[in-house]
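Pasted below: coords_13.cif, mmCIF, C-alpha atoms (C1' of nucleotides).
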```cif
data_my_file
loop_
_atom_site.label_atom_id
_atom_site.label_comp_id
_atom_site.auth_asym_id
_atom_site.auth_seq_id
_atom_site.Cartn_x
_atom_site.Cartn_y
_atom_site.Cartn_z
CA MET N 1 -2.85 -70.26 67.28
CA SER N 2 0.54 -68.64 67.71
CA ASP N 3 1.94 -72.15 67.41
CA LEU N 4 0.39 -72.27 63.95
CA LEU N 5 2.29 -69.13 63.04
CA GLU N 6 5.39 -70.80 64.44
CA ARG N 7 4.84 -73.87 62.30
CA LEU N 8 4.32 -71.72 59.24
CA ARG N 9 7.53 -69.85 59.90
CA GLU N 10 9.38 -73.16 60.18
CA ARG N 11 8.10 -74.03 56.74
CA GLY N 12 9.77 -70.93 55.40
CA TRP N 13 6.57 -68.94 55.03
CA ARG N 14 6.74 -65.19 55.00
CA LEU N 15 4.63 -63.98 57.87
CA THR N 16 2.58 -61.18 56.48
CA ALA N 17 -0.12 -59.20 58.28
CA GLN N 18 -2.70 -60.84 56.01
CA ARG N 19 -1.70 -64.38 56.85
CA ARG N 20 -1.58 -63.55 60.53
CA VAL N 21 -5.12 -62.19 60.43
CA VAL N 22 -6.48 -65.22 58.56
CA ALA N 23 -4.84 -67.52 61.10
CA GLU N 24 -6.37 -65.52 63.96
CA VAL N 25 -9.83 -65.75 62.44
CA LEU N 26 -9.52 -69.52 62.26
CA ASP N 27 -8.48 -69.77 65.88
CA GLY N 28 -10.62 -71.96 68.13
CA ASP N 29 -12.53 -75.21 68.00
CA HIS N 30 -15.87 -75.73 66.32
CA VAL N 31 -15.07 -72.99 63.85
CA HIS N 32 -16.35 -73.79 60.37
CA TYR N 33 -16.40 -70.60 58.36
CA THR N 34 -16.84 -70.24 54.62
CA ALA N 35 -14.11 -68.42 52.70
CA ASP N 36 -16.41 -65.43 52.54
CA GLU N 37 -16.96 -65.42 56.29
CA VAL N 38 -13.22 -65.65 56.86
CA HIS N 39 -12.80 -62.70 54.53
CA ALA N 40 -15.45 -60.68 56.31
CA ARG N 41 -13.90 -61.31 59.71
CA ALA N 42 -10.40 -60.67 58.46
CA SER N 43 -11.56 -57.42 56.89
CA ALA N 44 -12.76 -56.24 60.27
CA ARG N 45 -9.17 -56.24 61.45
CA LEU N 46 -7.39 -55.46 58.20
CA PRO N 47 -9.86 -53.67 55.96
CA GLU N 48 -7.83 -53.73 52.77
CA ILE N 49 -7.26 -57.50 52.68
CA ALA N 50 -8.21 -58.90 49.29
CA ARG N 51 -10.55 -61.79 48.68
CA ALA N 52 -7.89 -63.53 46.57
CA THR N 53 -5.45 -63.41 49.47
CA VAL N 54 -7.93 -65.14 51.75
CA TYR N 55 -8.50 -67.84 49.14
CA ASN N 56 -4.76 -68.24 48.62
CA THR N 57 -4.01 -68.49 52.31
CA LEU N 58 -6.82 -70.95 52.96
CA SER N 59 -5.66 -73.15 50.07
CA GLU N 60 -2.13 -73.13 51.43
CA LEU N 61 -3.28 -74.02 54.93
CA VAL N 62 -5.28 -76.90 53.47
CA SER N 63 -2.41 -78.16 51.35
CA ILE N 64 -0.05 -78.38 54.31
CA GLY N 65 -2.73 -80.08 56.41
CA GLU N 66 -3.29 -77.38 59.02
CA VAL N 67 -6.91 -76.91 57.97
CA ILE N 68 -9.50 -79.27 56.51
CA GLU N 69 -11.82 -78.34 53.70
CA VAL N 70 -15.41 -79.45 54.26
CA SER N 71 -17.97 -79.40 51.48
CA THR N 72 -21.25 -80.55 52.90
CA ASP N 73 -23.79 -79.16 50.49
CA GLY N 74 -22.29 -78.12 47.20
CA ARG N 75 -22.49 -74.51 48.29
CA ALA N 76 -19.46 -72.77 49.73
CA LYS N 77 -16.71 -74.91 51.19
CA ARG N 78 -16.08 -74.50 54.89
CA TYR N 79 -12.71 -74.49 56.60
CA ASP N 80 -12.09 -76.47 59.76
CA PRO N 81 -8.90 -75.64 61.68
CA ASN N 82 -9.24 -78.59 64.03
CA ALA N 83 -7.20 -80.75 61.67
CA ARG N 84 -4.76 -82.30 64.12
CA HIS N 85 -7.45 -84.43 65.79
CA THR N 86 -9.36 -86.72 63.47
CA HIS N 87 -13.06 -86.12 63.72
CA GLN N 88 -16.20 -86.27 61.64
CA HIS N 89 -19.01 -83.79 61.03
CA LEU N 90 -22.62 -83.44 62.05
CA VAL N 91 -24.56 -81.04 59.83
CA CYS N 92 -27.98 -79.50 60.32
CA SER N 93 -29.91 -79.92 57.07
CA LYS N 94 -31.87 -76.75 57.73
CA CYS N 95 -29.45 -74.11 58.97
CA GLY N 96 -26.15 -75.66 57.90
CA THR N 97 -24.58 -75.58 61.34
CA ILE N 98 -21.63 -77.96 61.69
CA ARG N 99 -20.42 -79.74 64.84
CA ASP N 100 -17.32 -81.86 65.17
CA VAL N 101 -18.14 -85.38 66.39
CA HIS N 102 -16.20 -88.54 67.20
CA PRO N 103 -17.86 -91.83 66.20
CA SER N 104 -16.59 -95.08 67.64
CA GLY N 105 -15.70 -97.30 64.68
CA ASP N 106 -12.97 -96.97 62.10
CA PRO N 107 -14.64 -96.51 58.72
CA LEU N 108 -11.42 -97.32 56.84
CA ALA N 109 -11.28 -100.76 58.44
CA GLU N 110 -14.90 -101.35 57.49
CA LEU N 111 -14.34 -101.25 53.74
CA PRO N 112 -13.68 -104.81 52.55
CA GLU N 113 -10.83 -105.43 50.15
CA ALA N 114 -13.31 -106.54 47.50
CA GLU N 115 -14.92 -103.11 47.68
CA ARG N 116 -11.73 -101.14 47.08
CA TYR N 117 -11.45 -101.61 43.31
CA GLY N 118 -7.69 -101.30 43.38
CA PHE N 119 -7.77 -97.83 44.92
CA THR N 120 -5.12 -96.77 47.40
CA ILE N 121 -7.36 -95.33 50.06
CA SER N 122 -5.96 -92.57 52.22
CA ASP N 123 -8.90 -91.20 54.08
CA ALA N 124 -12.54 -91.66 55.04
CA SER N 125 -14.87 -88.92 56.14
CA ILE N 126 -18.35 -89.29 57.55
CA THR N 127 -21.04 -86.66 57.38
CA TYR N 128 -24.04 -87.08 59.66
CA ARG N 129 -27.11 -85.13 58.67
CA GLY N 130 -30.06 -84.22 60.78
CA THR N 131 -31.92 -81.40 62.45
CA CYS N 132 -30.36 -79.38 65.24
CA PRO N 133 -32.34 -78.60 68.43
CA GLN N 134 -32.84 -74.96 67.44
CA CYS N 135 -34.31 -75.82 64.05
CA ALA N 136 -36.41 -78.64 65.53
CA ALA N 137 -37.96 -76.18 67.99
CA ALA N 138 -38.73 -73.59 65.32
CA MET S 1 -35.44 -97.15 34.04
CA SER S 2 -38.93 -97.46 32.58
CA ASP S 3 -40.01 -98.38 36.11
CA LEU S 4 -38.76 -94.95 37.16
CA LEU S 5 -41.02 -93.37 34.56
CA GLU S 6 -43.81 -95.55 35.90
CA ARG S 7 -43.19 -94.36 39.46
CA LEU S 8 -43.14 -90.76 38.31
CA ARG S 9 -46.45 -91.20 36.55
CA GLU S 10 -47.94 -92.67 39.69
CA ARG S 11 -46.90 -89.53 41.51
CA GLY S 12 -48.96 -87.51 39.07
CA TRP S 13 -46.00 -86.20 37.12
CA ARG S 14 -46.52 -85.08 33.58
CA LEU S 15 -44.29 -87.17 31.40
CA THR S 16 -42.65 -84.77 29.03
CA ALA S 17 -40.00 -85.56 26.47
CA GLN S 18 -37.48 -83.63 28.55
CA ARG S 19 -38.09 -85.60 31.72
CA ARG S 20 -37.95 -88.83 29.80
CA VAL S 21 -34.57 -87.92 28.33
CA VAL S 22 -33.12 -86.92 31.70
CA ALA S 23 -34.29 -90.19 33.19
CA GLU S 24 -32.71 -92.11 30.34
CA VAL S 25 -29.39 -90.36 30.79
CA LEU S 26 -29.37 -91.36 34.46
CA ASP S 27 -30.06 -94.98 33.64
CA GLY S 28 -27.56 -97.53 34.90
CA ASP S 29 -25.36 -98.19 37.90
CA HIS S 30 -22.16 -96.36 38.71
CA VAL S 31 -23.43 -93.28 36.92
CA HIS S 32 -22.40 -90.08 38.68
CA TYR S 33 -22.82 -87.20 36.27
CA THR S 34 -22.75 -83.52 37.05
CA ALA S 35 -25.78 -81.46 36.07
CA ASP S 36 -23.79 -80.14 33.16
CA GLU S 37 -22.90 -83.63 31.96
CA VAL S 38 -26.54 -84.65 32.21
CA HIS S 39 -27.45 -81.61 30.17
CA ALA S 40 -24.83 -82.40 27.52
CA ARG S 41 -26.01 -85.99 27.18
CA ALA S 42 -29.66 -84.99 27.17
CA SER S 43 -28.94 -82.39 24.50
CA ALA S 44 -27.55 -85.09 22.27
CA ARG S 45 -31.02 -86.63 22.11
CA LEU S 46 -33.15 -83.54 22.49
CA PRO S 47 -31.07 -80.59 21.34
CA GLU S 48 -33.33 -77.82 22.52
CA ILE S 49 -33.56 -78.93 26.15
CA ALA S 50 -32.82 -76.03 28.48
CA ARG S 51 -30.30 -76.04 31.26
CA ALA S 52 -32.97 -74.89 33.70
CA THR S 53 -35.12 -77.88 32.84
CA VAL S 54 -32.30 -80.27 33.63
CA TYR S 55 -31.73 -78.54 36.97
CA ASN S 56 -35.45 -78.60 37.73
CA THR S 57 -35.82 -82.26 36.88
CA LEU S 58 -32.76 -83.28 38.85
CA SER S 59 -33.97 -81.36 41.90
CA GLU S 60 -37.32 -83.03 41.67
CA LEU S 61 -35.80 -86.48 41.36
CA VAL S 62 -33.68 -85.74 44.43
CA SER S 63 -36.58 -84.42 46.45
CA ILE S 64 -38.64 -87.56 45.89
CA GLY S 65 -35.65 -89.76 46.70
CA GLU S 66 -35.10 -91.35 43.30
CA VAL S 67 -31.66 -89.80 42.96
CA ILE S 68 -29.00 -88.83 45.49
CA GLU S 69 -27.02 -85.62 45.31
CA VAL S 70 -23.31 -86.10 45.98
CA SER S 71 -20.98 -83.18 46.63
CA THR S 72 -17.51 -84.54 47.06
CA ASP S 73 -15.33 -81.58 46.29
CA GLY S 74 -17.18 -78.30 46.45
CA ARG S 75 -17.25 -78.22 42.68
CA ALA S 76 -20.32 -79.34 40.79
CA LYS S 77 -22.71 -81.67 42.57
CA ARG S 78 -23.05 -85.12 41.06
CA TYR S 79 -26.25 -87.11 40.72
CA ASP S 80 -26.42 -90.76 41.67
CA PRO S 81 -29.47 -92.70 40.47
CA ASN S 82 -28.67 -95.77 42.56
CA ALA S 83 -30.69 -94.39 45.46
CA ARG S 84 -32.76 -97.42 46.31
CA HIS S 85 -29.77 -99.34 47.68
CA THR S 86 -27.86 -97.60 50.45
CA HIS S 87 -24.23 -97.29 49.59
CA GLN S 88 -21.25 -95.04 50.15
CA HIS S 89 -18.76 -93.44 47.79
CA LEU S 90 -15.13 -93.94 46.90
CA VAL S 91 -13.60 -90.93 45.16
CA CYS S 92 -10.30 -90.60 43.32
CA SER S 93 -8.57 -87.46 44.58
CA LYS S 94 -6.90 -86.93 41.22
CA CYS S 95 -9.46 -87.56 38.51
CA GLY S 96 -12.67 -87.33 40.55
CA THR S 97 -13.99 -90.73 39.51
CA ILE S 98 -16.66 -92.06 41.87
CA ARG S 99 -17.45 -95.70 42.68
CA ASP S 100 -20.30 -96.97 44.80
CA VAL S 101 -19.07 -99.10 47.71
CA HIS S 102 -20.63 -101.02 50.59
CA PRO S 103 -18.75 -100.88 53.92
CA SER S 104 -19.60 -103.36 56.63
CA GLY S 105 -20.47 -101.29 59.71
CA ASP S 106 -23.40 -99.00 60.39
CA PRO S 107 -22.03 -95.48 60.87
CA LEU S 108 -25.29 -94.25 62.42
CA ALA S 109 -24.96 -96.79 65.22
CA GLU S 110 -21.39 -95.71 65.82
CA LEU S 111 -22.20 -92.19 66.91
CA PRO S 112 -22.61 -92.21 70.71
CA GLU S 113 -25.54 -90.38 72.25
CA ALA S 114 -23.14 -87.96 73.93
CA GLU S 115 -21.89 -86.93 70.51
CA ARG S 116 -25.28 -86.09 69.07
CA TYR S 117 -25.77 -82.68 70.67
CA GLY S 118 -29.55 -83.00 70.64
CA PHE S 119 -29.68 -83.43 66.87
CA THR S 120 -32.24 -85.72 65.30
CA ILE S 121 -29.97 -87.61 62.94
CA SER S 122 -31.48 -88.96 59.77
CA ASP S 123 -28.58 -90.04 57.68
CA ALA S 124 -24.85 -90.75 57.56
CA SER S 125 -22.71 -90.74 54.45
CA ILE S 126 -19.13 -91.86 54.13
CA THR S 127 -16.72 -90.64 51.49
CA TYR S 128 -13.55 -92.64 50.99
CA ARG S 129 -10.76 -90.81 49.23
CA GLY S 130 -7.76 -92.24 47.51
CA THR S 131 -6.07 -92.81 44.20
CA CYS S 132 -7.59 -95.01 41.54
CA PRO S 133 -5.47 -97.60 39.68
CA GLN S 134 -5.40 -95.53 36.50
CA CYS S 135 -4.11 -92.41 38.26
CA ALA S 136 -1.65 -94.46 40.34
CA ALA S 137 -0.17 -95.91 37.13
CA ALA S 138 0.17 -92.51 35.45
"C1'" DT X 1 20.87 -49.88 58.78
"C1'" DT X 2 19.83 -50.04 54.03
"C1'" DC X 3 19.43 -52.72 49.88
"C1'" DT X 4 17.71 -56.38 47.09
"C1'" DT X 5 14.83 -59.76 45.51
"C1'" DG X 6 11.54 -63.05 45.03
"C1'" DA X 7 7.45 -64.11 47.29
"C1'" DC X 8 3.08 -61.92 48.54
"C1'" DT X 9 -0.95 -58.93 47.84
"C1'" DT X 10 -4.17 -56.36 45.25
"C1'" DA X 11 -8.13 -55.21 42.20
"C1'" DG X 12 -10.78 -56.58 39.04
"C1'" DA X 13 -11.83 -59.43 35.10
"C1'" DC X 14 -13.25 -63.89 34.22
"C1'" DA X 15 -15.06 -68.82 34.86
"C1'" DT X 16 -18.17 -72.16 36.73
"C1'" DT X 17 -22.22 -73.62 38.78
"C1'" DG X 18 -26.70 -72.80 40.06
"C1'" DT X 19 -31.28 -69.95 40.52
"C1'" DC X 20 -35.06 -67.08 39.03
"C1'" DC X 21 -38.60 -65.14 36.10
"C1'" DA X 22 -41.85 -63.84 32.45
"C1'" DA X 23 -43.31 -65.57 28.21
"C1'" DT X 24 -44.48 -69.57 25.64
"C1'" DG X 25 -45.64 -74.40 24.93
"C1'" DT X 26 -48.00 -78.72 25.89
"C1'" DA X 27 -49.78 -83.22 28.47
"C1'" DG X 28 -53.61 -85.07 29.78
"C1'" DG X 29 -58.31 -84.69 31.44
"C1'" DA X 30 -63.16 -82.95 30.26
"C1'" DT D 1 -60.93 -81.26 20.19
"C1'" DC D 2 -60.27 -77.75 23.60
"C1'" DC D 3 -58.66 -76.00 28.18
"C1'" DT D 4 -55.73 -75.07 31.55
"C1'" DA D 5 -52.54 -75.92 34.92
"C1'" DC D 6 -48.11 -77.38 34.83
"C1'" DA D 7 -43.66 -77.59 32.31
"C1'" DT D 8 -40.15 -75.53 29.41
"C1'" DT D 9 -37.43 -71.91 27.55
"C1'" DG D 10 -33.81 -68.40 27.31
"C1'" DG D 11 -31.57 -65.17 29.34
"C1'" DA D 12 -30.52 -62.32 33.25
"C1'" DC D 13 -28.72 -62.72 37.66
"C1'" DA D 14 -26.30 -64.59 41.91
"C1'" DA D 15 -22.78 -67.06 44.45
"C1'" DT D 16 -18.39 -68.92 44.69
"C1'" DG D 17 -13.93 -69.50 43.14
"C1'" DT D 18 -9.66 -68.62 39.89
"C1'" DC D 19 -6.39 -66.00 37.35
"C1'" DT D 20 -3.29 -62.22 36.03
"C1'" DA D 21 -0.48 -58.13 35.79
"C1'" DA D 22 1.30 -54.68 38.47
"C1'" DG D 23 2.65 -52.97 42.77
"C1'" DT D 24 4.37 -54.03 47.68
"C1'" DC D 25 7.04 -55.84 51.30
"C1'" DA D 26 9.45 -59.50 54.63
"C1'" DA D 27 13.58 -61.10 55.57
"C1'" DG D 28 18.23 -62.21 54.48
"C1'" DA D 29 22.68 -60.00 52.69
"C1'" DA D 30 26.09 -56.56 52.90
#
```
Encoded form using structure tokens:
Amino acid sequence: MSDLLERLRERGWRLTAQRRVVAEVLDGDHVHYTADEVHARASARLPEIARATVYNTLSELVSIGEVIEVSTDGRAKRYDPNARHTHQHLVCSKCGTIRDVHPSGDPLAELPEAERYGFTISDASITYRGTCPQCAAA
Amino acid sequence: MSDLLERLRERGWRLTAQRRVVAEVLDGDHVHYTADEVHARASARLPEIARATVYNTLSELVSIGEVIEVSTDGRAKRYDPNARHTHQHLVCSKCGTIRDVHPSGDPLAELPEAERYGFTISDASITYRGTCPQCAAA
DNA sequence: TTCTTGACTTAGACATTGTCCAATGTAGGA
DNA sequence: TCCTACATTGGACAATGTCTAAGTCAAGAA
């Protein structure tokens, strides 16, 4: 994740302790925390970090494309740092767990011209829903 | 939409004025209101209808599969009454307009077994994002 | 190194969306 | 018509996110 900090610096960002901590929390694959979870984990390392700062930093990371915002259920948005490799999401309807998955087709190519209504389409995201093994066993 | 009322009656639902009004508001294709918009439109016909009643009725319609809940942006969920025909959604990133669309492939079939992580998958939804003609012109 | 400055952070008020509950009302069967 | 279980109401509450004014600080300049 230090390369993320590097990229941020190249964009002229001021590297504050708060931003560093948020970036560290988001480190790793298959991480899909809510803003609140990011705040909780960041607080563990930097107790005085403000909620607003976490929201600000997450929004900035999303706007420059380093992190993807995932809203699967109308509850809290989740933040997915694995933005450099296109992938889709598999969500457990019961516990809300999210996995990154890689389907075979290209959904963008599968939308006929007649179904585009003049839109300029930039992106397609697929959400698979089901029950995870843990919840199925319970 | 009177057939919806008929189906509800068959399920043993009590047909109250409030439920009737909510069903009427949801009548038609390409309708994707938020709960608040449903409430506003229902209030126009039945001024004393409570917010909680609208939420209750919408939840019930979703749980019996007459209406689909769509959360495209982490803001308010939208309610899509066109549930009997499977379809996907095309969302304008600027104004939030939603259109129903029908891509060619079957996303469920495109998720390899190795990418299912033991989940029992029940459903796949695709959200296309882009800019609608109106917003592109502005 | 120290200074300066504009960007960053903070705390808390506020906004939006959704849920819950006790009291009241009523649809539909007896 | 009367009963009663189910539905509705209104308002409190909860969860998530946004905004603002005042204070703080990273990083370049001198």
Report task. Run the PyMOL selection byres ((chain S) within 9 of (chain X)) mentally over the shown coordinates, then write out the matched residues as a PyMOL selection string, using the chain letters and numbers from the document. Result -> chain S and resi 14-16+36+52+55+75-77
Just-selected residues, C-alpha atoms written as a JSON list (two decimals), in the frame of the given file:
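File result-v1.json, as written:
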```json
[["chain", "number", "residue", "atom", "x", "y", "z"],
["S", 14, "ARG", "CA", -46.52, -85.08, 33.58],
["S", 15, "LEU", "CA", -44.29, -87.17, 31.40],
["S", 16, "THR", "CA", -42.65, -84.77, 29.03],
["S", 36, "ASP", "CA", -23.79, -80.14, 33.16],
["S", 52, "ALA", "CA", -32.97, -74.89, 33.70],
["S", 55, "TYR", "CA", -31.73, -78.54, 36.97],
["S", 75, "ARG", "CA", -17.25, -78.22, 42.68],
["S", 76, "ALA", "CA", -20.32, -79.34, 40.79],
["S", 77, "LYS", "CA", -22.71, -81.67, 42.57]]
```
Report task. Using all atoms listed in the file, determine which residues of chain D fall within 9 Å of chain N; present them as a list in words. Result -> DA15, DT16, DG17, DT18, DC25, DA26 and DA27 of chain D
Could I have chain N as a short mmCIF file (atom, residue, chain, number, x, y, z; two decimals) with C-alpha atoms, in the coordinates of the input after it is superimposed on chain S by least squares, pairing all C-alpha atoms in sequence order?
```cif
data_model
loop_
_atom_site.label_atom_id
_atom_site.label_comp_id
_atom_site.auth_asym_id
_atom_site.auth_seq_id
_atom_site.Cartn_x
_atom_site.Cartn_y
_atom_site.Cartn_z
CA MET N 1 -35.53 -97.09 34.09
CA SER N 2 -39.02 -97.38 32.64
CA ASP N 3 -40.09 -98.29 36.16
CA LEU N 4 -38.83 -94.87 37.23
CA LEU N 5 -41.09 -93.28 34.65
CA GLU N 6 -43.89 -95.44 36.01
CA ARG N 7 -43.23 -94.26 39.55
CA LEU N 8 -43.17 -90.66 38.40
CA ARG N 9 -46.47 -91.07 36.64
CA GLU N 10 -47.97 -92.52 39.82
CA ARG N 11 -46.90 -89.38 41.61
CA GLY N 12 -48.96 -87.36 39.18
CA TRP N 13 -46.01 -86.08 37.19
CA ARG N 14 -46.54 -84.96 33.65
CA LEU N 15 -44.33 -87.09 31.49
CA THR N 16 -42.67 -84.73 29.11
CA ALA N 17 -40.04 -85.56 26.50
CA GLN N 18 -37.51 -83.61 28.58
CA ARG N 19 -38.09 -85.57 31.76
CA ARG N 20 -37.99 -88.83 29.85
CA VAL N 21 -34.61 -87.95 28.36
CA VAL N 22 -33.13 -86.93 31.72
CA ALA N 23 -34.33 -90.20 33.24
CA GLU N 24 -32.77 -92.15 30.36
CA VAL N 25 -29.44 -90.41 30.82
CA LEU N 26 -29.40 -91.39 34.47
CA ASP N 27 -30.11 -95.01 33.68
CA GLY N 28 -27.59 -97.57 34.93
CA ASP N 29 -25.40 -98.21 37.93
CA HIS N 30 -22.17 -96.41 38.71
CA VAL N 31 -23.43 -93.34 36.92
CA HIS N 32 -22.37 -90.14 38.65
CA TYR N 33 -22.79 -87.28 36.23
CA THR N 34 -22.69 -83.57 37.00
CA ALA N 35 -25.73 -81.50 36.04
CA ASP N 36 -23.75 -80.22 33.09
CA GLU N 37 -22.90 -83.71 31.90
CA VAL N 38 -26.54 -84.72 32.20
CA HIS N 39 -27.43 -81.68 30.13
CA ALA N 40 -24.85 -82.49 27.49
CA ARG N 41 -26.05 -86.07 27.16
CA ALA N 42 -29.68 -85.06 27.16
CA SER N 43 -28.97 -82.49 24.48
CA ALA N 44 -27.62 -85.21 22.25
CA ARG N 45 -31.08 -86.72 22.13
CA LEU N 46 -33.19 -83.59 22.49
CA PRO N 47 -31.09 -80.67 21.31
CA GLU N 48 -33.36 -77.88 22.48
CA ILE N 49 -33.57 -78.97 26.12
CA ALA N 50 -32.78 -76.07 28.42
CA ARG N 51 -30.23 -76.10 31.20
CA ALA N 52 -32.87 -74.90 33.67
CA THR N 53 -35.07 -77.88 32.84
CA VAL N 54 -32.26 -80.29 33.62
CA TYR N 55 -31.65 -78.55 36.94
CA ASN N 56 -35.36 -78.58 37.73
CA THR N 57 -35.78 -82.23 36.89
CA LEU N 58 -32.70 -83.28 38.85
CA SER N 59 -33.88 -81.32 41.89
CA GLU N 60 -37.27 -82.98 41.69
CA LEU N 61 -35.76 -86.44 41.40
CA VAL N 62 -33.62 -85.70 44.45
CA SER N 63 -36.52 -84.37 46.48
CA ILE N 64 -38.60 -87.49 45.94
CA GLY N 65 -35.60 -89.70 46.74
CA GLU N 66 -35.09 -91.32 43.34
CA VAL N 67 -31.63 -89.80 42.97
CA ILE N 68 -28.96 -88.83 45.49
CA GLU N 69 -26.97 -85.64 45.31
CA VAL N 70 -23.26 -86.12 45.95
CA SER N 71 -20.95 -83.19 46.58
CA THR N 72 -17.47 -84.53 47.03
CA ASP N 73 -15.28 -81.56 46.27
CA GLY N 74 -17.14 -78.29 46.39
CA ARG N 75 -17.20 -78.23 42.61
CA ALA N 76 -20.25 -79.41 40.72
CA LYS N 77 -22.66 -81.72 42.49
CA ARG N 78 -23.02 -85.18 41.02
CA TYR N 79 -26.22 -87.16 40.71
CA ASP N 80 -26.39 -90.81 41.67
CA PRO N 81 -29.48 -92.73 40.50
CA ASN N 82 -28.66 -95.80 42.57
CA ALA N 83 -30.68 -94.42 45.48
CA ARG N 84 -32.75 -97.46 46.36
CA HIS N 85 -29.74 -99.39 47.70
CA THR N 86 -27.81 -97.67 50.46
CA HIS N 87 -24.18 -97.33 49.56
CA GLN N 88 -21.22 -95.06 50.13
CA HIS N 89 -18.72 -93.45 47.78
CA LEU N 90 -15.09 -93.93 46.89
CA VAL N 91 -13.58 -90.90 45.16
CA CYS N 92 -10.29 -90.54 43.32
CA SER N 93 -8.60 -87.38 44.58
CA LYS N 94 -6.91 -86.85 41.24
CA CYS N 95 -9.46 -87.50 38.51
CA GLY N 96 -12.67 -87.30 40.53
CA THR N 97 -13.95 -90.71 39.51
CA ILE N 98 -16.62 -92.06 41.86
CA ARG N 99 -17.40 -95.71 42.67
CA ASP N 100 -20.24 -96.98 44.79
CA VAL N 101 -18.99 -99.10 47.71
CA HIS N 102 -20.55 -101.01 50.59
CA PRO N 103 -18.67 -100.87 53.91
CA SER N 104 -19.50 -103.33 56.65
CA GLY N 105 -20.41 -101.28 59.72
CA ASP N 106 -23.37 -99.02 60.37
CA PRO N 107 -22.03 -95.50 60.85
CA LEU N 108 -25.30 -94.30 62.41
CA ALA N 109 -24.98 -96.86 65.20
CA GLU N 110 -21.41 -95.74 65.81
CA LEU N 111 -22.28 -92.22 66.90
CA PRO N 112 -22.69 -92.22 70.68
CA GLU N 113 -25.66 -90.43 72.19
CA ALA N 114 -23.31 -87.98 73.89
CA GLU N 115 -22.03 -86.96 70.47
CA ARG N 116 -25.43 -86.14 68.99
CA TYR N 117 -25.97 -82.74 70.61
CA GLY N 118 -29.72 -83.11 70.54
CA PHE N 119 -29.85 -83.53 66.77
CA THR N 120 -32.38 -85.86 65.18
CA ILE N 121 -30.07 -87.71 62.86
CA SER N 122 -31.55 -89.09 59.67
CA ASP N 123 -28.61 -90.14 57.60
CA ALA N 124 -24.88 -90.79 57.51
CA SER N 125 -22.74 -90.78 54.41
CA ILE N 126 -19.13 -91.85 54.11
CA THR N 127 -16.73 -90.62 51.48
CA TYR N 128 -13.53 -92.59 50.98
CA ARG N 129 -10.75 -90.74 49.23
CA GLY N 130 -7.74 -92.16 47.53
CA THR N 131 -6.03 -92.71 44.21
CA CYS N 132 -7.54 -94.92 41.55
CA PRO N 133 -5.39 -97.50 39.70
CA GLN N 134 -5.32 -95.43 36.51
CA CYS N 135 -4.06 -92.31 38.27
CA ALA N 136 -1.58 -94.33 40.36
CA ALA N 137 -0.08 -95.77 37.17
CA ALA N 138 0.22 -92.38 35.47
#
```
**Report entry** Answer key for the PyMOL selection byres ((chain N) within 7 of (chain S)), residues as a ChimeraX atom specification
**Finding:** /N:71-77,101-105,110-112,115,118-133
Report summary line: Pairwise distance, CA of Leu5 (chain N) with CA of Leu61 (chain N), equals 11.0 Å
Query raised in the report: Got a sec to check which residues sit within 12 Å of (-11.8, -58.5, 61.5), counting only C-alpha atoms (C1' of nucleotides), and write them as number ranges by chain?
Result: N: 18, 20-26, 37-49
Next, dump the selected residues to file, keeping only C-alpha atoms, as a compact mmCIF listing (two decimals), in the frame of the given file.
```txt
# COMPACT_ATOMS: atom_id res chain seq x y z
CA GLN N 18 -2.70 -60.84 56.01
CA ARG N 20 -1.58 -63.55 60.53
CA VAL N 21 -5.12 -62.19 60.43
CA VAL N 22 -6.48 -65.22 58.56
CA ALA N 23 -4.84 -67.52 61.10
CA GLU N 24 -6.37 -65.52 63.96
CA VAL N 25 -9.83 -65.75 62.44
CA LEU N 26 -9.52 -69.52 62.26
CA GLU N 37 -16.96 -65.42 56.29
CA VAL N 38 -13.22 -65.65 56.86
CA HIS N 39 -12.80 -62.70 54.53
CA ALA N 40 -15.45 -60.68 56.31
CA ARG N 41 -13.90 -61.31 59.71
CA ALA N 42 -10.40 -60.67 58.46
CA SER N 43 -11.56 -57.42 56.89
CA ALA N 44 -12.76 -56.24 60.27
CA ARG N 45 -9.17 -56.24 61.45
CA LEU N 46 -7.39 -55.46 58.20
CA PRO N 47 -9.86 -53.67 55.96
CA GLU N 48 -7.83 -53.73 52.77
CA ILE N 49 -7.26 -57.50 52.68
```
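Take CA of Asn82 (chain N) and CA of Lys94 (chain S): the distance between them is 24.4 Å.
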Quick one: region 131-136 of chain N with N, CA and C atoms, as a PDB file, in the frame of the given file?
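This went into result_28.pdb:
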```pdb
ATOM      1  N   THR N 131     -31.352 -82.696  62.090  1.00  0.00           N
ATOM      2  CA  THR N 131     -31.920 -81.400  62.450  1.00  0.00           C
ATOM      3  C   THR N 131     -31.415 -81.014  63.826  1.00  0.00           C
ATOM      4  N   CYS N 132     -30.903 -79.805  63.957  1.00  0.00           N
ATOM      5  CA  CYS N 132     -30.360 -79.380  65.240  1.00  0.00           C
ATOM      6  C   CYS N 132     -31.506 -78.965  66.164  1.00  0.00           C
ATOM      7  N   PRO N 133     -31.264 -78.915  67.470  1.00  0.00           N
ATOM      8  CA  PRO N 133     -32.340 -78.600  68.430  1.00  0.00           C
ATOM      9  C   PRO N 133     -33.020 -77.268  68.118  1.00  0.00           C
ATOM     10  N   GLN N 134     -32.255 -76.273  67.731  1.00  0.00           N
ATOM     11  CA  GLN N 134     -32.840 -74.960  67.440  1.00  0.00           C
ATOM     12  C   GLN N 134     -33.835 -75.062  66.281  1.00  0.00           C
ATOM     13  N   CYS N 135     -33.422 -75.719  65.203  1.00  0.00           N
ATOM     14  CA  CYS N 135     -34.310 -75.820  64.050  1.00  0.00           C
ATOM     15  C   CYS N 135     -35.506 -76.726  64.338  1.00  0.00           C
ATOM     16  N   ALA N 136     -35.302 -77.744  65.174  1.00  0.00           N
ATOM     17  CA  ALA N 136     -36.410 -78.640  65.530  1.00  0.00           C
ATOM     18  C   ALA N 136     -37.468 -77.885  66.319  1.00  0.00           C
TER      19      ALA N 136
END
```
